[in-house]
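A.B. asks: This one is entry-v1.json, JSON, C-alpha atoms and all ligand atoms.
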[["chain", "number", "residue", "atom", "x", "y", "z"],
["A", 1096, "MET", "CA", -12.74, 4.51, -17.33],
["A", 1097, "ILE", "CA", -14.51, 3.37, -14.12],
["A", 1098, "VAL", "CA", -16.47, 0.13, -14.54],
["A", 1099, "PRO", "CA", -18.42, -1.88, -11.95],
["A", 1100, "ALA", "CA", -16.53, -5.13, -11.28],
["A", 1101, "SER", "CA", -19.03, -7.41, -13.05],
["A", 1102, "SER", "CA", -17.92, -10.81, -14.31],
["A", 1103, "ASP", "CA", -17.76, -9.39, -17.84],
["A", 1104, "ALA", "CA", -15.55, -6.49, -16.67],
["A", 1105, "LEU", "CA", -13.26, -8.90, -14.79],
["A", 1106, "HIS", "CA", -12.97, -10.99, -17.93],
["A", 1107, "ARG", "CA", -11.91, -7.92, -19.96],
["A", 1108, "ALA", "CA", -9.57, -6.74, -17.17],
["A", 1109, "ALA", "CA", -7.77, -10.11, -17.14],
["A", 1110, "HIS", "CA", -7.38, -9.84, -20.92],
["A", 1111, "ILE", "CA", -5.75, -6.39, -20.48],
["A", 1112, "ILE", "CA", -3.34, -7.77, -17.84],
["A", 1113, "ARG", "CA", -2.37, -10.76, -20.02],
["A", 1114, "HIS", "CA", -1.60, -8.35, -22.88],
["A", 1115, "GLY", "CA", 0.72, -6.13, -20.84],
["A", 1116, "GLY", "CA", -1.76, -3.36, -19.92],
["A", 1117, "LEU", "CA", -2.68, -1.68, -16.65],
["A", 1118, "VAL", "CA", -5.81, -2.24, -14.55],
["A", 1119, "ALA", "CA", -6.67, -0.46, -11.31],
["A", 1120, "PHE", "CA", -8.47, -2.76, -8.87],
["A", 1121, "PRO", "CA", -9.66, -2.77, -5.26],
["A", 1122, "THR", "CA", -7.86, -4.70, -2.53],
["A", 1123, "GLU", "CA", -8.88, -4.61, 1.13],
["A", 1124, "THR", "CA", -6.15, -2.03, 1.87],
["A", 1125, "VAL", "CA", -6.22, 0.57, -0.96],
["A", 1126, "TYR", "CA", -6.76, 0.45, -4.75],
["A", 1127, "GLY", "CA", -3.81, -0.99, -6.66],
["A", 1128, "LEU", "CA", -2.44, -0.20, -10.12],
["A", 1129, "GLY", "CA", -1.74, -3.65, -11.50],
["A", 1130, "ALA", "CA", 0.30, -5.23, -14.28],
["A", 1131, "ASN", "CA", 1.64, -8.71, -15.07],
["A", 1132, "ALA", "CA", 4.46, -9.07, -12.51],
["A", 1133, "LEU", "CA", 6.43, -11.39, -14.83],
["A", 1134, "ASP", "CA", 6.48, -8.91, -17.75],
["A", 1135, "ALA", "CA", 9.09, -6.13, -17.33],
["A", 1136, "GLU", "CA", 7.56, -3.98, -20.10],
["A", 1137, "ALA", "CA", 4.14, -4.12, -18.44],
["A", 1138, "VAL", "CA", 5.66, -3.26, -15.05],
["A", 1139, "ARG", "CA", 7.48, -0.29, -16.60],
["A", 1140, "ARG", "CA", 4.05, 1.14, -17.53],
["A", 1141, "ILE", "CA", 3.13, 1.23, -13.82],
["A", 1142, "TYR", "CA", 6.14, 3.44, -13.02],
["A", 1143, "ASP", "CA", 5.37, 5.68, -16.02],
["A", 1144, "ALA", "CA", 1.70, 6.11, -15.10],
["A", 1145, "LYS", "CA", 2.50, 6.90, -11.45],
["A", 1146, "GLN", "CA", 5.62, 8.95, -12.22],
["A", 1147, "ARG", "CA", 7.21, 6.76, -9.57],
["A", 1148, "PRO", "CA", 11.01, 6.48, -9.21],
["A", 1149, "PHE", "CA", 12.37, 3.04, -10.11],
["A", 1150, "ALA", "CA", 14.04, 2.77, -6.68],
["A", 1151, "SER", "CA", 10.70, 1.97, -5.01],
["A", 1152, "PRO", "CA", 9.84, -1.78, -5.17],
["A", 1153, "LEU", "CA", 6.32, -3.06, -5.93],
["A", 1154, "ILE", "CA", 4.24, -5.62, -4.04],
["A", 1155, "VAL", "CA", 3.36, -8.78, -5.99],
["A", 1156, "HIS", "CA", -0.23, -9.92, -5.46],
["A", 1157, "VAL", "CA", -1.06, -13.63, -5.67],
["A", 1158, "THR", "CA", -4.08, -15.90, -5.09],
["A", 1159, "ASP", "CA", -2.52, -18.30, -2.58],
["A", 1160, "THR", "CA", 0.64, -19.66, -0.97],
["A", 1161, "GLU", "CA", 1.41, -21.87, -3.95],
["A", 1162, "MET", "CA", 1.52, -18.85, -6.28],
["A", 1163, "ALA", "CA", 3.55, -16.93, -3.68],
["A", 1164, "ARG", "CA", 6.11, -19.73, -3.74],
["A", 1165, "SER", "CA", 6.37, -19.42, -7.53],
["A", 1166, "VAL", "CA", 7.86, -15.90, -7.16],
["A", 1167, "THR", "CA", 10.16, -16.68, -4.20],
["A", 1168, "ALA", "CA", 13.40, -18.65, -4.12],
["A", 1169, "GLU", "CA", 12.80, -19.97, -0.60],
["A", 1170, "TRP", "CA", 9.86, -20.45, 1.73],
["A", 1171, "PRO", "CA", 10.97, -20.32, 5.36],
["A", 1172, "ALA", "CA", 8.88, -21.95, 8.11],
["A", 1173, "VAL", "CA", 8.00, -18.51, 9.49],
["A", 1174, "ALA", "CA", 6.51, -17.52, 6.11],
["A", 1175, "ASP", "CA", 4.26, -20.57, 6.27],
["A", 1176, "ARG", "CA", 3.14, -19.72, 9.76],
["A", 1177, "LEU", "CA", 2.38, -16.08, 8.85],
["A", 1178, "ALA", "CA", 0.62, -17.01, 5.60],
["A", 1179, "LYS", "CA", -1.60, -19.52, 7.42],
["A", 1180, "ARG", "CA", -2.50, -16.99, 10.09],
["A", 1181, "PHE", "CA", -2.89, -13.74, 8.08],
["A", 1182, "TRP", "CA", -3.58, -14.58, 4.41],
["A", 1183, "PRO", "CA", -5.71, -13.51, 2.70],
["A", 1184, "GLY", "CA", -5.02, -10.20, 4.45],
["A", 1185, "PRO", "CA", -3.01, -6.97, 4.76],
["A", 1186, "LEU", "CA", 0.41, -8.56, 5.35],
["A", 1187, "THR", "CA", 3.27, -8.38, 2.81],
["A", 1188, "LEU", "CA", 6.13, -10.88, 3.19],
["A", 1189, "VAL", "CA", 9.55, -9.85, 1.84],
["A", 1190, "ILE", "CA", 11.44, -13.02, 0.83],
["A", 1191, "LYS", "CA", 14.38, -13.95, -1.45],
["A", 1192, "LYS", "CA", 13.05, -13.63, -5.00],
["A", 1193, "SER", "CA", 12.83, -16.23, -7.73],
["A", 1194, "GLU", "CA", 14.58, -15.34, -10.99],
["A", 1195, "VAL", "CA", 11.24, -15.23, -12.84],
["A", 1196, "VAL", "CA", 10.60, -11.85, -11.17],
["A", 1197, "PRO", "CA", 12.05, -8.95, -13.22],
["A", 1198, "ASP", "CA", 14.45, -6.59, -11.41],
["A", 1199, "LEU", "CA", 12.09, -3.70, -12.18],
["A", 1200, "VAL", "CA", 9.51, -5.18, -9.78],
["A", 1201, "THR", "CA", 11.94, -5.32, -6.86],
["A", 1202, "ALA", "CA", 13.94, -2.16, -7.65],
["A", 1203, "GLY", "CA", 16.99, -4.37, -8.14],
["A", 1204, "LEU", "CA", 16.72, -5.94, -4.66],
["A", 1205, "GLY", "CA", 17.28, -9.68, -4.27],
["A", 1206, "THR", "CA", 13.97, -9.93, -2.39],
["A", 1207, "VAL", "CA", 10.33, -9.69, -3.44],
["A", 1208, "GLY", "CA", 7.34, -8.40, -1.45],
["A", 1209, "VAL", "CA", 4.35, -10.74, -1.87],
["A", 1210, "ARG", "CA", 0.83, -10.99, -0.45],
["A", 1211, "VAL", "CA", -2.65, -12.51, -0.93],
["A", 1212, "PRO", "CA", -5.21, -9.68, -0.83],
["A", 1213, "ALA", "CA", -8.51, -10.25, 1.01],
["A", 1214, "ASN", "CA", -10.76, -8.95, -1.74],
["A", 1215, "PRO", "CA", -12.63, -11.33, -4.08],
["A", 1216, "ILE", "CA", -12.35, -8.88, -7.03],
["A", 1217, "ALA", "CA", -8.56, -8.78, -6.62],
["A", 1218, "THR", "CA", -8.13, -12.54, -6.30],
["A", 1219, "GLU", "CA", -10.53, -13.24, -9.19],
["A", 1220, "LEU", "CA", -8.57, -10.80, -11.38],
["A", 1221, "ILE", "CA", -5.29, -12.57, -10.55],
["A", 1222, "ARG", "CA", -6.86, -16.00, -11.05],
["A", 1223, "GLN", "CA", -8.32, -15.13, -14.46],
["A", 1224, "SER", "CA", -5.11, -13.38, -15.56],
["A", 1225, "GLY", "CA", -3.20, -16.52, -14.65],
["A", 1226, "VAL", "CA", -0.17, -14.49, -13.51],
["A", 1227, "PRO", "CA", 0.93, -12.75, -10.31],
["A", 1228, "ILE", "CA", 0.03, -9.03, -10.43],
["A", 1229, "ALA", "CA", 2.54, -6.36, -9.37],
["A", 1230, "ALA", "CA", 0.69, -3.37, -7.95],
["A", 1231, "PRO", "CA", 1.58, -0.27, -5.98],
["A", 1232, "SER", "CA", -1.19, 2.07, -4.82],
["A", 1233, "ALA", "CA", -3.10, 3.55, -7.77],
["A", 1234, "ASN", "CA", -2.13, 7.20, -7.30],
["A", 1235, "LEU", "CA", 0.53, 9.58, -8.62],
["A", 1236, "PHE", "CA", 3.79, 9.17, -6.68],
["A", 1237, "GLY", "CA", 3.78, 11.08, -3.40],
["A", 1238, "GLN", "CA", 0.03, 11.59, -3.22],
["A", 1239, "ILE", "CA", -2.51, 10.02, -0.86],
["A", 1240, "SER", "CA", -3.47, 6.43, -1.69],
["A", 1241, "PRO", "CA", -6.94, 5.89, -3.22],
["A", 1242, "THR", "CA", -9.62, 4.05, -1.25],
["A", 1243, "THR", "CA", -12.38, 4.47, -3.89],
["A", 1244, "ALA", "CA", -12.51, 4.13, -7.69],
["A", 1245, "GLU", "CA", -13.28, 7.87, -7.88],
["A", 1246, "HIS", "CA", -10.01, 8.66, -6.06],
["A", 1247, "VAL", "CA", -8.16, 6.62, -8.70],
["A", 1248, "TRP", "CA", -9.91, 8.45, -11.52],
["A", 1249, "ALA", "CA", -9.19, 11.85, -9.96],
["A", 1250, "GLY", "CA", -5.48, 11.03, -9.69],
["A", 1251, "LEU", "CA", -4.69, 8.92, -12.76],
["A", 1252, "GLY", "CA", -7.60, 9.47, -15.18],
["A", 1253, "ASP", "CA", -6.91, 7.96, -18.61],
["A", 1254, "ARG", "CA", -3.40, 6.81, -17.66],
["A", 1255, "VAL", "CA", -5.05, 3.51, -16.73],
["A", 1256, "ALA", "CA", -7.11, 1.52, -19.27],
["A", 1257, "MET", "CA", -9.66, 0.28, -16.74],
["A", 1258, "ILE", "CA", -10.59, 1.06, -13.13],
["A", 1259, "LEU", "CA", -12.54, -1.83, -11.58],
["A", 1260, "ASP", "CA", -15.00, -0.37, -9.06],
["A", 1261, "GLY", "CA", -15.47, -2.45, -5.94],
["A", 1262, "GLY", "CA", -16.63, 0.32, -3.61],
["A", 1263, "ALA", "CA", -14.66, 1.75, -0.69],
["A", 1264, "THR", "CA", -11.80, -0.43, 0.59],
["A", 1265, "LYS", "CA", -12.29, -1.95, 4.05],
["A", 1266, "VAL", "CA", -8.90, -1.63, 5.77],
["A", 1267, "GLY", "CA", -8.03, 1.78, 4.31],
["A", 1268, "ILE", "CA", -4.24, 1.97, 4.84],
["A", 1269, "GLU", "CA", -1.45, 0.01, 3.14],
["A", 1270, "SER", "CA", -0.35, -3.46, 4.28],
["A", 1271, "THR", "CA", 2.08, -4.26, 7.07],
["A", 1272, "VAL", "CA", 5.40, -5.11, 5.33],
["A", 1273, "VAL", "CA", 7.74, -7.61, 7.02],
["A", 1274, "ALA", "CA", 11.11, -8.97, 5.94],
["A", 1275, "LEU", "CA", 11.87, -12.58, 6.82],
["A", 1276, "ARG", "CA", 15.61, -12.47, 7.33],
["A", 1277, "ASN", "CA", 17.87, -15.25, 8.57],
["A", 1278, "ASP", "CA", 18.62, -13.31, 11.76],
["A", 1279, "GLY", "CA", 14.90, -12.84, 12.52],
["A", 1280, "PRO", "CA", 11.79, -11.13, 11.18],
["A", 1281, "VAL", "CA", 11.65, -7.32, 10.87],
["A", 1282, "VAL", "CA", 8.72, -4.91, 10.38],
["A", 1283, "LEU", "CA", 9.64, -2.59, 7.47],
["A", 1284, "ARG", "CA", 6.33, -0.72, 7.37],
["A", 1285, "PRO", "CA", 3.73, -0.83, 10.15],
["A", 1286, "GLY", "CA", 0.08, -1.43, 9.23],
["A", 1287, "MET", "CA", -3.14, -2.66, 10.76],
["A", 1288, "ILE", "CA", -1.63, -6.07, 11.59],
["A", 1289, "SER", "CA", 0.36, -5.03, 14.64],
["A", 1290, "GLN", "CA", 3.77, -6.14, 15.86],
["A", 1291, "SER", "CA", 2.25, -7.94, 18.87],
["A", 1292, "GLU", "CA", -0.08, -9.94, 16.60],
["A", 1293, "LEU", "CA", 2.97, -10.94, 14.52],
["A", 1294, "GLU", "CA", 4.92, -11.91, 17.63],
["A", 1295, "GLU", "CA", 1.99, -13.92, 18.91],
["A", 1296, "ALA", "CA", 1.72, -15.83, 15.63],
["A", 1297, "THR", "CA", 5.46, -16.63, 15.42],
["A", 1298, "HIS", "CA", 6.43, -16.95, 19.10],
["A", 1299, "VAL", "CA", 9.51, -14.73, 18.60],
["A", 1300, "ARG", "CA", 10.44, -11.09, 19.32],
["A", 1301, "TRP", "CA", 10.45, -8.88, 16.21],
["A", 1302, "GLU", "CA", 12.71, -6.00, 15.30],
["A", 1303, "GLN", "CA", 11.24, -2.85, 13.80],
["A", 1304, "GLU", "CA", 13.09, -0.59, 11.41],
["A", 1305, "LEU", "CA", 12.35, 2.23, 9.02],
["A", 1306, "ASN", "CA", 11.45, 1.27, 5.47],
["A", 1307, "VAL", "CA", 14.90, 0.95, 3.89],
["A", 1308, "PRO", "CA", 13.89, 1.20, 0.20],
["A", 1309, "GLU", "CA", 12.02, 4.41, 0.90],
["A", 1310, "ILE", "CA", 15.03, 5.96, 2.58],
["A", 1311, "ARG", "CA", 17.14, 5.12, -0.46],
["A", 1312, "ASP", "CA", 14.35, 6.49, -2.58],
["A", 1313, "ALA", "CA", 14.58, 9.78, -0.72],
["A", 1314, "ASP", "CA", 18.32, 10.03, -1.41],
["A", 1315, "GLU", "CA", 17.76, 9.56, -5.10],
["A", 1316, "SER", "CA", 14.94, 12.04, -5.42],
["A", 1317, "PRO", "CA", 15.42, 14.70, -2.75],
["A", 1318, "GLY", "CA", 12.27, 16.46, -1.63],
["A", 1319, "GLN", "CA", 9.99, 13.62, -2.72],
["A", 1320, "GLN", "CA", 10.06, 11.63, 0.49],
["A", 1321, "ALA", "CA", 8.58, 14.50, 2.51],
["A", 1322, "ARG", "CA", 5.46, 14.41, 0.36],
["A", 1323, "HIS", "CA", 4.88, 10.68, 0.61],
["A", 1324, "TYR", "CA", 1.18, 9.85, 1.29],
["A", 1325, "ALA", "CA", 0.61, 13.61, 1.67],
["A", 1326, "PRO", "CA", -2.33, 15.87, 0.81],
["A", 1327, "ARG", "CA", -1.51, 19.16, -0.94],
["A", 1328, "THR", "CA", -2.97, 21.13, 1.96],
["A", 1329, "PRO", "CA", -0.56, 21.18, 4.96],
["A", 1330, "LEU", "CA", -1.67, 18.58, 7.53],
["A", 1331, "TYR", "CA", -0.97, 19.04, 11.24],
["A", 1332, "VAL", "CA", -1.13, 16.30, 13.86],
["A", 1333, "LEU", "CA", -2.30, 18.00, 17.05],
["A", 1334, "GLU", "CA", -0.74, 16.70, 20.25],
["A", 1335, "ALA", "CA", -2.71, 17.38, 23.45],
["A", 1336, "GLY", "CA", -2.63, 21.10, 24.34],
["A", 1337, "MET", "CA", -1.18, 22.14, 20.98],
["A", 1338, "ALA", "CA", -2.64, 25.33, 19.43],
["A", 1339, "ARG", "CA", -4.36, 25.19, 16.07],
["A", 1340, "PRO", "CA", -2.59, 26.87, 13.15],
["A", 1341, "ASN", "CA", -3.76, 30.33, 12.01],
["A", 1342, "GLY", "CA", -5.93, 30.83, 8.95],
["A", 1343, "ARG", "CA", -8.92, 29.01, 7.50],
["A", 1344, "GLY", "CA", -8.64, 25.33, 8.28],
["A", 1345, "ARG", "CA", -10.47, 22.32, 9.63],
["A", 1346, "VAL", "CA", -9.84, 19.74, 12.34],
["A", 1347, "LEU", "CA", -11.05, 16.40, 10.95],
["A", 1348, "ALA", "CA", -13.43, 14.55, 13.26],
["A", 1349, "MET", "CA", -12.04, 11.00, 13.25],
["A", 1350, "PRO", "CA", -13.57, 7.83, 14.77],
["A", 1351, "ARG", "CA", -12.09, 6.57, 18.07],
["A", 1352, "ASP", "CA", -12.08, 2.99, 16.86],
["A", 1353, "ARG", "CA", -8.75, 2.28, 15.14],
["A", 1354, "LYS", "CA", -10.25, 0.18, 12.34],
["A", 1355, "LYS", "CA", -12.86, 2.82, 11.54],
["A", 1356, "PHE", "CA", -10.17, 5.51, 11.77],
["A", 1357, "ALA", "CA", -7.95, 3.73, 9.21],
["A", 1358, "ALA", "CA", -10.88, 2.92, 6.93],
["A", 1359, "SER", "CA", -11.91, 6.59, 6.67],
["A", 1360, "LEU", "CA", -8.52, 8.36, 6.91],
["A", 1361, "TYR", "CA", -7.61, 8.72, 3.22],
["A", 1362, "ALA", "CA", -11.18, 9.54, 2.14],
["A", 1363, "GLU", "CA", -11.25, 12.31, 4.77],
["A", 1364, "LEU", "CA", -7.87, 13.64, 3.57],
["A", 1365, "HIS", "CA", -8.95, 13.52, -0.10],
["A", 1366, "LYS", "CA", -12.14, 15.41, 0.76],
["A", 1367, "ALA", "CA", -10.52, 18.05, 2.97],
["A", 1368, "ASP", "CA", -7.78, 18.52, 0.35],
["A", 1369, "SER", "CA", -10.40, 19.62, -2.19],
["A", 1370, "GLU", "CA", -11.92, 22.30, 0.04],
["A", 1371, "GLY", "CA", -9.30, 25.00, -0.59],
["A", 1372, "LEU", "CA", -8.27, 25.19, 3.07],
["A", 1373, "GLU", "CA", -5.02, 26.67, 4.41],
["A", 1374, "TRP", "CA", -4.54, 23.74, 6.77],
["A", 1375, "ILE", "CA", -6.04, 20.42, 7.86],
["A", 1376, "ALA", "CA", -5.49, 18.95, 11.33],
["A", 1377, "ILE", "CA", -6.08, 15.62, 13.03],
["A", 1378, "GLU", "CA", -5.78, 14.95, 16.77],
["A", 1379, "ALA", "CA", -2.83, 12.66, 17.56],
["A", 1380, "PRO", "CA", -3.96, 9.02, 17.95],
["A", 1381, "PRO", "CA", -3.02, 6.94, 21.03],
["A", 1382, "ASP", "CA", 0.69, 6.13, 21.26],
["A", 1383, "THR", "CA", 0.31, 2.32, 21.24],
["A", 1384, "GLY", "CA", 1.42, -0.53, 18.96],
["A", 1385, "GLU", "CA", -2.12, -1.07, 17.67],
["A", 1386, "TRP", "CA", -2.08, 2.47, 16.26],
["A", 1387, "ALA", "CA", 1.50, 2.31, 14.85],
["A", 1388, "GLY", "CA", 0.39, 1.94, 11.22],
["A", 1389, "ILE", "CA", -1.97, 4.92, 11.46],
["A", 1390, "ALA", "CA", 0.61, 7.04, 13.34],
["A", 1391, "ASP", "CA", 3.16, 6.23, 10.60],
["A", 1392, "ARG", "CA", 0.84, 7.44, 7.80],
["A", 1393, "LEU", "CA", -0.03, 10.60, 9.76],
["A", 1394, "ARG", "CA", 3.67, 11.32, 10.32],
["A", 1395, "ARG", "CA", 4.41, 11.01, 6.61],
["A", 1396, "ALA", "CA", 1.34, 12.97, 5.52],
["A", 1397, "SER", "CA", 2.13, 15.83, 7.89],
["A", 1398, "LYS", "CA", 5.78, 16.31, 6.85],
["A", 1399, "HIS", "CA", 5.90, 19.70, 5.18],
["A", 1400, "GLU", "CA", 7.89, 22.90, 5.09],
["A", 1401, "ASN", "CA", 6.29, 25.74, 7.04],
["B", 1, "LIG", "P1", 2.91, 0.54, -2.13],
["B", 1, "LIG", "O1", 2.56, -0.63, -2.98],
["B", 1, "LIG", "O2", 2.82, 1.86, -2.83],
["B", 1, "LIG", "O3", 2.14, 0.50, -0.85],
["B", 1, "LIG", "O4", 4.45, 0.37, -1.73],
["B", 1, "LIG", "C1", 5.05, -0.90, -1.60],
["B", 1, "LIG", "C2", 5.74, -1.01, -0.26],
["B", 1, "LIG", "O5", 6.29, -2.32, -0.08],
["B", 1, "LIG", "C3", 6.88, -0.03, -0.15],
["B", 1, "LIG", "O6", 6.87, 0.54, 1.13],
["B", 1, "LIG", "C4", 8.09, -0.89, -0.40],
["B", 1, "LIG", "O7", 9.21, -0.33, 0.19],
["B", 1, "LIG", "C5", 7.68, -2.24, 0.20],
["B", 1, "LIG", "N1", 8.38, -3.34, -0.50],
["B", 1, "LIG", "C6", 7.99, -3.98, -1.61],
["B", 1, "LIG", "N2", 8.92, -4.90, -1.99],
["B", 1, "LIG", "C7", 9.92, -4.82, -1.12],
["B", 1, "LIG", "C8", 11.17, -5.47, -0.98],
["B", 1, "LIG", "N3", 11.60, -6.39, -1.84],
["B", 1, "LIG", "N4", 11.95, -5.13, 0.07],
["B", 1, "LIG", "C9", 11.53, -4.19, 0.95],
["B", 1, "LIG", "N5", 10.36, -3.53, 0.87],
["B", 1, "LIG", "C10", 9.57, -3.83, -0.14],
["B", 2, "MG", "MG", 1.86, 4.07, -2.47]]
For the file at hand, write its structure as structure tokens.
Ligand code: AMP
Ligand code: MG
C.D. replies:
Amino acid sequence: MIVPASSDALHRAAHIIRHGGLVAFPTETVYGLGANALDAEAVRRIYDAKQRPFASPLIVHVTDTEMARSVTAEWPAVADRLAKRFWPGPLTLVIKKSEVVPDLVTAGLGTVGVRVPANPIATELIRQSGVPIAAPSANLFGQISPTTAEHVWAGLGDRVAMILDGGATKVGIESTVVALRNDGPVVLRPGMISQSELEEATHVRWEQELNVPEIRDADESPGQQARHYAPRTPLYVLEAGMARPNGRGRVLAMPRDRKKFAASLYAELHKADSEGLEWIAIEAPPDTGEWAGIADRLRRASKHEN
């Protein structure tokens, strides 16, 4: 059921979370499918509803640094610096986990991904629930993330007790995920907070690597990885001079501004995917660090067998 995020709805949503149920809610990145992060049974319901393999860890959403520290076993100086600079915002910090966090949340890893979302509905829901909320994107595993309450309804329907409607999300693609390791920070998943912004905030050079849990995920469920973040209609990323595919398709007209591009990307893909086309195409974005998060999502969404 979609409900406007009124104070009464938030009150009921927090009650559902406290009692082990699922609530879909807006963040600034995409809509999340949330459950009490400290309750393994509740977290299991997220995996069931999404049909998501257990090997894929969830992000824990908190209201502030103090709550973040309650789910981590350490709080390195670099975490403090990043939290001060980018929270609330689309940055997930992967840090050694506290034992209060069930293994199901972290897919058995010794680390937990944590962030403070920049959306008042999300933070109010966490505050009223009184617990950190574990939430992956509110879509079936492998499909495009939802950026509106209607996208969540179309994908999950009655699998979720309540969908809090907060309108279209502002950032539009998932958070930048970084691991704070002893030998230096590493970008695990690029997003709209770019590597150079991270380097500027921490005064050190960062490594970048592919998202390790997702690679493992692919090994354990072959064929799934290729469909990650993907529409059902084959998507092509057109490099300059590349011919369009044959058949009835559409080249999506995307904004030139990277923030506007990210904010509209998934809505455009959801829409085009419902038009019964043989293909969808998007012109390749600029090959720069600022666009790395967008390029990453396009790469994943356009992986398909011919
Ligand atoms: P989603 O919430 O669907 O956007 O997916 C969560 C993302 O965060 C995935 O890409 C995970 O691999 C990543 N993530 C969450 N927790 C961890 C962790 N402990 N270690 C590494 N990556 C993580
Ligand atoms: Mg997802």
A.B. asks: What lies within 12 Å of region 1344-1354 of chain A using all atoms listed in the file, ignoring chain neighbours under 2 positions off, as JSON, numbers by chain?
C.D. replies: {"A": [1124, 1264, 1265, 1266, 1267, 1268, 1286, 1287, 1288, 1289, 1328, 1329, 1330, 1331, 1332, 1333, 1338, 1339, 1340, 1341, 1342, 1356, 1357, 1358, 1359, 1360, 1361, 1362, 1363, 1364, 1365, 1366, 1367, 1368, 1370, 1371, 1372, 1373, 1374, 1375, 1376, 1377, 1378, 1379, 1380, 1381, 1382, 1383, 1384, 1385, 1386, 1387, 1388, 1389, 1390]}
A.B. asks: What do you get as a PyMOL selection string if you pick all residues at most 8 Å from ligand LIG 1 (chain B), counting only C-alpha atoms and all ligand atoms?
C.D. replies: chain A and resi 1127+1151-1155+1187+1189-1190+1200-1202+1204-1209+1230-1233+1240+1269-1270+1272-1274+1283-1284+1306-1309
A.B. asks: Using all atoms listed in the file, pick whichever of A:Arg1210, A:Glu1136, A:Gly1203, A:Ala1296 has the shortest atom-to-atom distance to Ala1163 (chain A).
C.D. replies: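 Once distances to Ala1163 (chain A) are computed over all atoms listed in the file, the minimum belongs to A:Arg1210.
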A.B. asks: Report as a list in words all protein, DNA and RNA residues lying within 6 Å of Pro1227 (chain A), evaluated on only C-alpha atoms, omitting residues in the same chain fewer than 5 positions from it.
C.D. replies: Ala1132, His1156 and Val1157 of chain A
A.B. asks: Between CA of Ala1119 (chain A) and CA of Val1255 (chain A), what distance in Å does the model show, to one decimal?
C.D. replies: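 So the two atoms, CA of Ala1119 (chain A) and CA of Val1255 (chain A), lie 6.9 Å apart.
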A.B. asks: A:Asp1391, A:Pro1285, A:Leu1235, A:Glu1334: which is nearest Ala1249 (chain A), counting all atoms listed in the file?
C.D. replies: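 Looking only at the distances to Ala1249 (chain A), the closest residue turns out to be A:Leu1235.
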A.B. asks: Find the distance between CA of Ser1224 (chain A) and CA of Ala1130 (chain A) and write it in Å to one decimal.
C.D. replies: 9.9 Å
A.B. asks: Excluding Val1247 (chain A) and its own-chain neighbours fewer than 3 positions away, which residues fall within 12 Å of it when counting all atoms listed in the file? Please give them as a compact mmCIF listing (two decimals) with C-alpha atoms, in the coordinates of the input.
C.D. replies:
# COMPACT_ATOMS: atom_id res chain seq x y z
CA MET A 1096 -12.74 4.51 -17.33
CA ILE A 1097 -14.51 3.37 -14.12
CA VAL A 1118 -5.81 -2.24 -14.55
CA ALA A 1119 -6.67 -0.46 -11.31
CA PHE A 1120 -8.47 -2.76 -8.87
CA PRO A 1121 -9.66 -2.77 -5.26
CA VAL A 1125 -6.22 0.57 -0.96
CA TYR A 1126 -6.76 0.45 -4.75
CA GLY A 1127 -3.81 -0.99 -6.66
CA LEU A 1128 -2.44 -0.20 -10.12
CA ALA A 1144 1.70 6.11 -15.10
CA LYS A 1145 2.50 6.90 -11.45
CA SER A 1232 -1.19 2.07 -4.82
CA ALA A 1233 -3.10 3.55 -7.77
CA ASN A 1234 -2.13 7.20 -7.30
CA LEU A 1235 0.53 9.58 -8.62
CA GLN A 1238 0.03 11.59 -3.22
CA ILE A 1239 -2.51 10.02 -0.86
CA SER A 1240 -3.47 6.43 -1.69
CA PRO A 1241 -6.94 5.89 -3.22
CA THR A 1242 -9.62 4.05 -1.25
CA THR A 1243 -12.38 4.47 -3.89
CA ALA A 1244 -12.51 4.13 -7.69
CA GLY A 1250 -5.48 11.03 -9.69
CA LEU A 1251 -4.69 8.92 -12.76
CA GLY A 1252 -7.60 9.47 -15.18
CA ASP A 1253 -6.91 7.96 -18.61
CA ARG A 1254 -3.40 6.81 -17.66
CA VAL A 1255 -5.05 3.51 -16.73
CA ALA A 1256 -7.11 1.52 -19.27
CA MET A 1257 -9.66 0.28 -16.74
CA ILE A 1258 -10.59 1.06 -13.13
CA LEU A 1259 -12.54 -1.83 -11.58
CA ASP A 1260 -15.00 -0.37 -9.06
CA GLY A 1261 -15.47 -2.45 -5.94
CA GLY A 1262 -16.63 0.32 -3.61
CA ALA A 1263 -14.66 1.75 -0.69
CA ALA A 1362 -11.18 9.54 2.14
CA HIS A 1365 -8.95 13.52 -0.10
A.B. asks: For a cut-off of 6 Å around (13.8, -3.6, -15.4), file coordinates, pick out all residues using all atoms listed in the file and list them as an NGL selection string.
C.D. replies: :A and (1135 or 1198-1199)
A.B. asks: Print the selection's residues with C-alpha atoms to a file, as a CSV table (one decimal), in the coordinates of the input.
C.D. replies:
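Written out: part-v6.csv:
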chain,number,residue,atom,x,y,z
A,1135,ALA,CA,9.1,-6.1,-17.3
A,1198,ASP,CA,14.4,-6.6,-11.4
A,1199,LEU,CA,12.1,-3.7,-12.2
A.B. asks: Measuring between only C-alpha atoms, which one of A:Leu1186, A:Ala1150, A:Ala1229, A:Ala1174 shows the shortest distance to Leu1117 (chain A)?
C.D. replies: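 The closest residue to Leu1117 (chain A) is A:Ala1229.
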A.B. asks: Quick one, how far is CA of Arg1394 (chain A) from CA of Pro1326 (chain A)?
C.D. replies: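 Computing the Euclidean distance for CA of Arg1394 (chain A) and CA of Pro1326 (chain A) yields 12.1 Å.
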A.B. asks: With distances taken over all atoms listed in the file, which residue among A:Ile1111, A:Gly1237, A:Ala1178, A:Asp1159 lies nearest ligand MG 2 (chain B)?
C.D. replies: A:Gly1237
A.B. asks: Nearest residue to ligand MG 2 (chain B) out of A:Pro1197, A:Pro1215, A:Pro1148, A:Gly1336, using all atoms listed in the file?
C.D. replies: A:Pro1148
